[in-house]
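For reference, coords17.txt is printed below; it contains compact mmCIF, C-alpha atoms.
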```
# COMPACT_ATOMS: atom_id res chain seq x y z
CA MET A 245 0.00 0.00 0.00
CA SER A 246 1.24 3.43 -0.84
CA LEU A 247 0.08 6.46 1.02
CA LYS A 248 1.80 9.68 1.99
CA ILE A 249 1.42 11.78 5.11
CA ILE A 250 0.54 15.31 3.94
CA LYS A 251 0.14 16.67 7.48
CA ALA A 252 1.23 14.77 10.57
CA GLY A 253 -1.22 14.02 13.34
CA ILE A 254 -0.61 14.32 17.05
CA GLN A 255 0.75 10.77 17.52
CA ASP A 256 -0.25 8.43 14.73
CA THR A 257 1.59 5.10 14.73
CA LEU A 258 1.44 1.62 13.23
CA GLN A 259 0.05 -0.88 15.75
CA ASP A 260 -0.98 -4.51 15.82
CA MET A 261 -2.00 -6.88 18.63
CA GLY A 262 1.27 -6.21 20.48
CA ARG A 263 4.37 -8.15 21.49
CA TYR A 264 4.10 -10.53 24.40
CA GLY A 265 6.57 -12.66 26.32
CA HIS A 266 9.26 -10.01 26.83
CA ARG A 267 8.26 -8.33 30.10
CA GLN A 268 11.14 -10.05 31.91
CA LEU A 269 13.40 -7.91 29.68
CA GLY A 270 11.48 -4.74 30.55
CA ILE A 271 9.66 -4.59 27.20
CA ASN A 272 5.96 -3.81 27.49
CA PRO A 273 3.58 -5.30 24.91
CA THR A 274 2.46 -1.99 23.28
CA GLY A 275 -0.04 -2.72 20.50
CA ALA A 276 -3.35 -1.09 19.67
CA MET A 277 -5.15 0.47 22.62
CA ASP A 278 -8.50 -0.77 21.26
CA LYS A 279 -7.76 -4.21 19.87
CA PHE A 280 -11.41 -4.91 19.08
CA SER A 281 -11.71 -1.81 16.86
CA MET A 282 -8.41 -2.69 15.18
CA GLN A 283 -9.75 -6.15 14.33
CA VAL A 284 -13.07 -4.73 13.08
CA SER A 285 -11.22 -2.36 10.74
CA ASN A 286 -9.15 -5.23 9.37
CA ALA A 287 -12.22 -7.43 8.90
CA LEU A 288 -13.94 -4.71 6.86
CA VAL A 289 -11.15 -4.78 4.26
CA GLY A 290 -10.54 -8.55 4.32
CA ASN A 291 -7.23 -8.50 6.24
CA ALA A 292 -6.20 -10.93 8.95
CA PRO A 293 -7.42 -9.62 12.34
CA GLU A 294 -3.86 -9.08 13.60
CA GLU A 295 -2.65 -7.05 10.58
CA ALA A 296 -1.03 -3.72 11.49
CA VAL A 297 -3.20 -0.60 11.27
CA ILE A 298 -2.60 3.09 11.78
CA GLU A 299 -3.74 4.16 15.23
CA MET A 300 -4.71 7.84 15.26
CA HIS A 301 -5.46 10.46 17.88
CA PHE A 302 -7.15 13.78 17.13
CA PRO A 303 -5.98 15.81 15.36
CA ALA A 304 -5.13 12.95 13.02
CA SER A 305 -2.87 12.97 9.99
CA VAL A 306 -3.97 13.97 6.51
CA PHE A 307 -3.27 11.10 4.11
CA MET A 308 -2.86 11.09 0.33
CA PHE A 309 -3.29 7.75 -1.40
CA THR A 310 -0.73 7.23 -4.15
CA GLU A 311 -2.67 4.32 -5.62
CA PRO A 312 -6.26 3.04 -5.45
CA ALA A 313 -7.07 1.16 -2.24
CA LEU A 314 -9.79 -0.36 -0.11
CA ILE A 315 -9.73 1.18 3.38
CA ALA A 316 -11.83 1.16 6.55
CA LEU A 317 -12.04 3.34 9.64
CA SER A 318 -13.09 2.12 13.06
CA GLY A 319 -12.79 3.08 16.72
CA ALA A 320 -13.24 6.78 17.37
CA ASP A 321 -15.30 8.78 14.89
CA PHE A 322 -13.29 11.83 13.79
CA HIS A 323 -15.71 12.81 10.97
CA ALA A 324 -13.58 11.50 8.12
CA HIS A 325 -13.70 13.16 4.70
CA ILE A 326 -12.19 12.20 1.36
CA ASN A 327 -11.62 15.14 -0.95
CA GLY A 328 -13.98 17.19 1.22
CA GLU A 329 -16.84 14.69 1.11
CA PRO A 330 -17.87 12.81 4.27
CA VAL A 331 -17.22 9.07 4.30
CA PRO A 332 -18.92 6.42 6.43
CA HIS A 333 -17.46 5.07 9.64
CA LEU A 334 -17.28 1.25 9.98
CA HIS A 335 -17.67 0.61 6.23
CA PRO A 336 -15.22 -0.41 3.51
CA ILE A 337 -14.30 2.61 1.36
CA LEU A 338 -12.73 2.61 -2.09
CA VAL A 339 -10.23 5.41 -2.57
CA ALA A 340 -8.65 6.49 -5.85
CA LYS A 341 -5.13 7.60 -6.60
CA ASN A 342 -4.43 11.09 -5.19
CA ASP A 343 -7.48 11.05 -2.90
CA LEU A 344 -7.00 12.98 0.35
CA LEU A 345 -8.29 11.58 3.64
CA HIS A 346 -8.65 14.08 6.46
CA PHE A 347 -10.57 14.36 9.70
CA LYS A 348 -12.76 17.33 10.68
CA GLN A 349 -13.46 16.94 14.39
CA PRO A 350 -13.74 14.28 17.08
CA HIS A 351 -17.31 13.10 17.48
CA HIS A 352 -16.74 10.31 19.98
CA GLY A 353 -13.85 8.16 21.17
CA ALA A 354 -10.14 8.76 21.59
CA ARG A 355 -8.44 6.53 19.02
CA ALA A 356 -9.37 5.81 15.42
CA TYR A 357 -7.98 3.00 13.28
CA LEU A 358 -7.19 3.04 9.56
CA SER A 359 -6.77 -0.29 7.82
CA VAL A 360 -5.84 -0.86 4.19
CA ARG A 361 -6.47 -4.07 2.29
CA GLY A 362 -3.15 -5.87 2.03
CA GLY A 363 -1.66 -3.99 4.99
CA PHE A 364 1.33 -1.68 5.27
CA GLU A 365 5.05 -2.14 4.72
CA HIS A 366 6.67 -2.12 8.14
CA LYS A 367 9.42 -3.56 10.28
CA THR A 368 8.73 -6.19 12.88
CA TRP A 369 10.52 -6.32 16.20
CA LEU A 370 10.16 -9.27 18.56
CA ASN A 371 7.39 -10.74 16.40
CA SER A 372 5.26 -7.60 16.36
CA SER A 373 4.68 -4.70 13.98
CA SER A 374 3.60 -2.36 16.77
CA THR A 375 5.51 0.86 17.19
CA HIS A 376 7.39 0.94 20.49
CA LEU A 377 8.19 4.64 20.90
CA LYS A 378 10.55 4.34 23.88
CA ALA A 379 12.61 1.59 22.23
CA HIS A 380 12.46 3.28 18.78
CA ALA A 381 11.52 -0.08 17.27
CA GLY A 382 8.78 -1.69 15.20
CA GLY A 383 6.19 0.07 13.09
CA PHE A 384 7.49 2.70 10.70
CA LYS A 385 11.10 3.45 11.69
CA GLY A 386 10.20 2.95 15.36
CA ARG A 387 8.48 6.33 15.58
CA GLN A 388 5.22 8.16 15.03
CA LEU A 389 4.28 9.04 11.47
CA ARG A 390 5.57 12.37 10.19
CA LYS A 391 4.91 14.64 7.24
CA ASP A 392 6.19 13.16 3.96
CA ASP A 393 6.37 9.56 5.32
```

Would you write out, as structure tokens, the structure that this file holds?
Amino acid sequence: MSLKIIKAGIQDTLQDMGRYGHRQLGINPTGAMDKFSMQVSNALVGNAPEEAVIEMHFPASVFMFTEPALIALSGADFHAHINGEPVPHLHPILVAKNDLLHFKQPHHGARAYLSVRGGFEHKTWLNSSSTHLKAHAGGFKGRQLRKDD
């Protein structure tokens, strides 16, 4: 999947179900804060339930899709719009090349999840794709998403 961050959100990261079995080394599991919503988003696009998603807080990033894709949004409702037009929450959405996804305002919830059919390119660390910010590992370069990523 190819998408580009046009404007960075407050702390958007790649997350999955988390990494377990490493607490004795001082490594917490991380992972999506709302695992159920993450799995719902993945189910809507036909991904495996544990596939990595983008976890967003408001204000969320503005995304440009560099190729057509099937996406879904779950968790918090941030009033998503594509090219200025509102899009449904908890439904699969077809996006075209160069479409812009942005979020107007938080309606309810604290974290929203963006899944894309086929998933994202990412690095795994200790059998997880979740971003671990303190360890600078996993996810996309071990950090939150930034403009031009």

So how far away is atom CA of A:His333 from atom CA of A:Gly362, in Å?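 Distance reported for this atom pair: 19.6 Å.
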
Measuring atom to atom with all atoms listed in the file, identify which of A:Gln349, A:Ser359, A:Asn342, A:Ser246 is nearest to A:Met282.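 When distances to A:Met282 are compared using all atoms listed in the file, the smallest one comes from A:Ser359.
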
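Close contacts of A:Phe302, defined as residues with an atom at most 12 Å away when counting only C-alpha atoms, with chain neighbours fewer than 5 positions off set aside, comprise Ala252, Gly253, Ile254, Gln255, Asp256, Ala320, Asp321, Phe322, His323, Ala324, His346, Phe347, Lys348, Gln349, Pro350, His351, His352, Gly353, Ala354, Arg355, Ala356 and Tyr357 of chain A.
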
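Distance check against A:Leu338 using all atoms listed in the file: of A:Asp260, A:Asp278, A:Glu365, A:Glu311, the minimum falls on A:Glu311.
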
Option closest in space to A:Leu247, from A:Ala304, A:Val331, A:Leu288, A:Leu389 [counting all atoms listed in the file]: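 Ranked by minimum distance to A:Leu247, first place goes to A:Leu389.
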
Under the rule that all atoms listed in the file are counted, which of A:Ala381, A:Val284, A:Met277, A:Val360 is the nearest residue to A:Ala313?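 For A:Ala313, the nearest of the candidates is A:Val360.
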
With all atoms listed in the file as the basis for distance, which of A:Met308, A:Met261, A:Ile337, A:Leu317 is at the shortest distance from A:Lys248?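 Closest residue, counting all atoms listed in the file: A:Met308.
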
To one decimal in Å, tell me the separation between atom CA of A:Ser373 and atom CA of A:Arg387.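 Going from atom CA of A:Ser373 over to atom CA of A:Arg387, I get 11.8 Å.
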
Which residue is closest to A:Thr310? Choose from A:Asp392, A:Glu295, A:Asp343, A:Glu329 and count only C-alpha atoms. A:Asp343

Mind giving me the straight-line distance from atom CA of A:Pro293 to atom CA of A:Gly386 in Å, one decimal?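 Atom CA of A:Gly386 lies at a distance of 21.9 Å from atom CA of A:Pro293.
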
For A:His366: contacts at 9 Å, all atoms listed in the file, fewer than 6 positions along chain excluded, given as a ChimeraX atom specification: /A:258,296,373,382-385

For A:Leu345, please output as a VMD selection string all residues within 6 Å (counting all atoms listed in the file; exclusion window: fewer than 2 positions along the same chain). chain A and resid 306 to 307 325 to 326
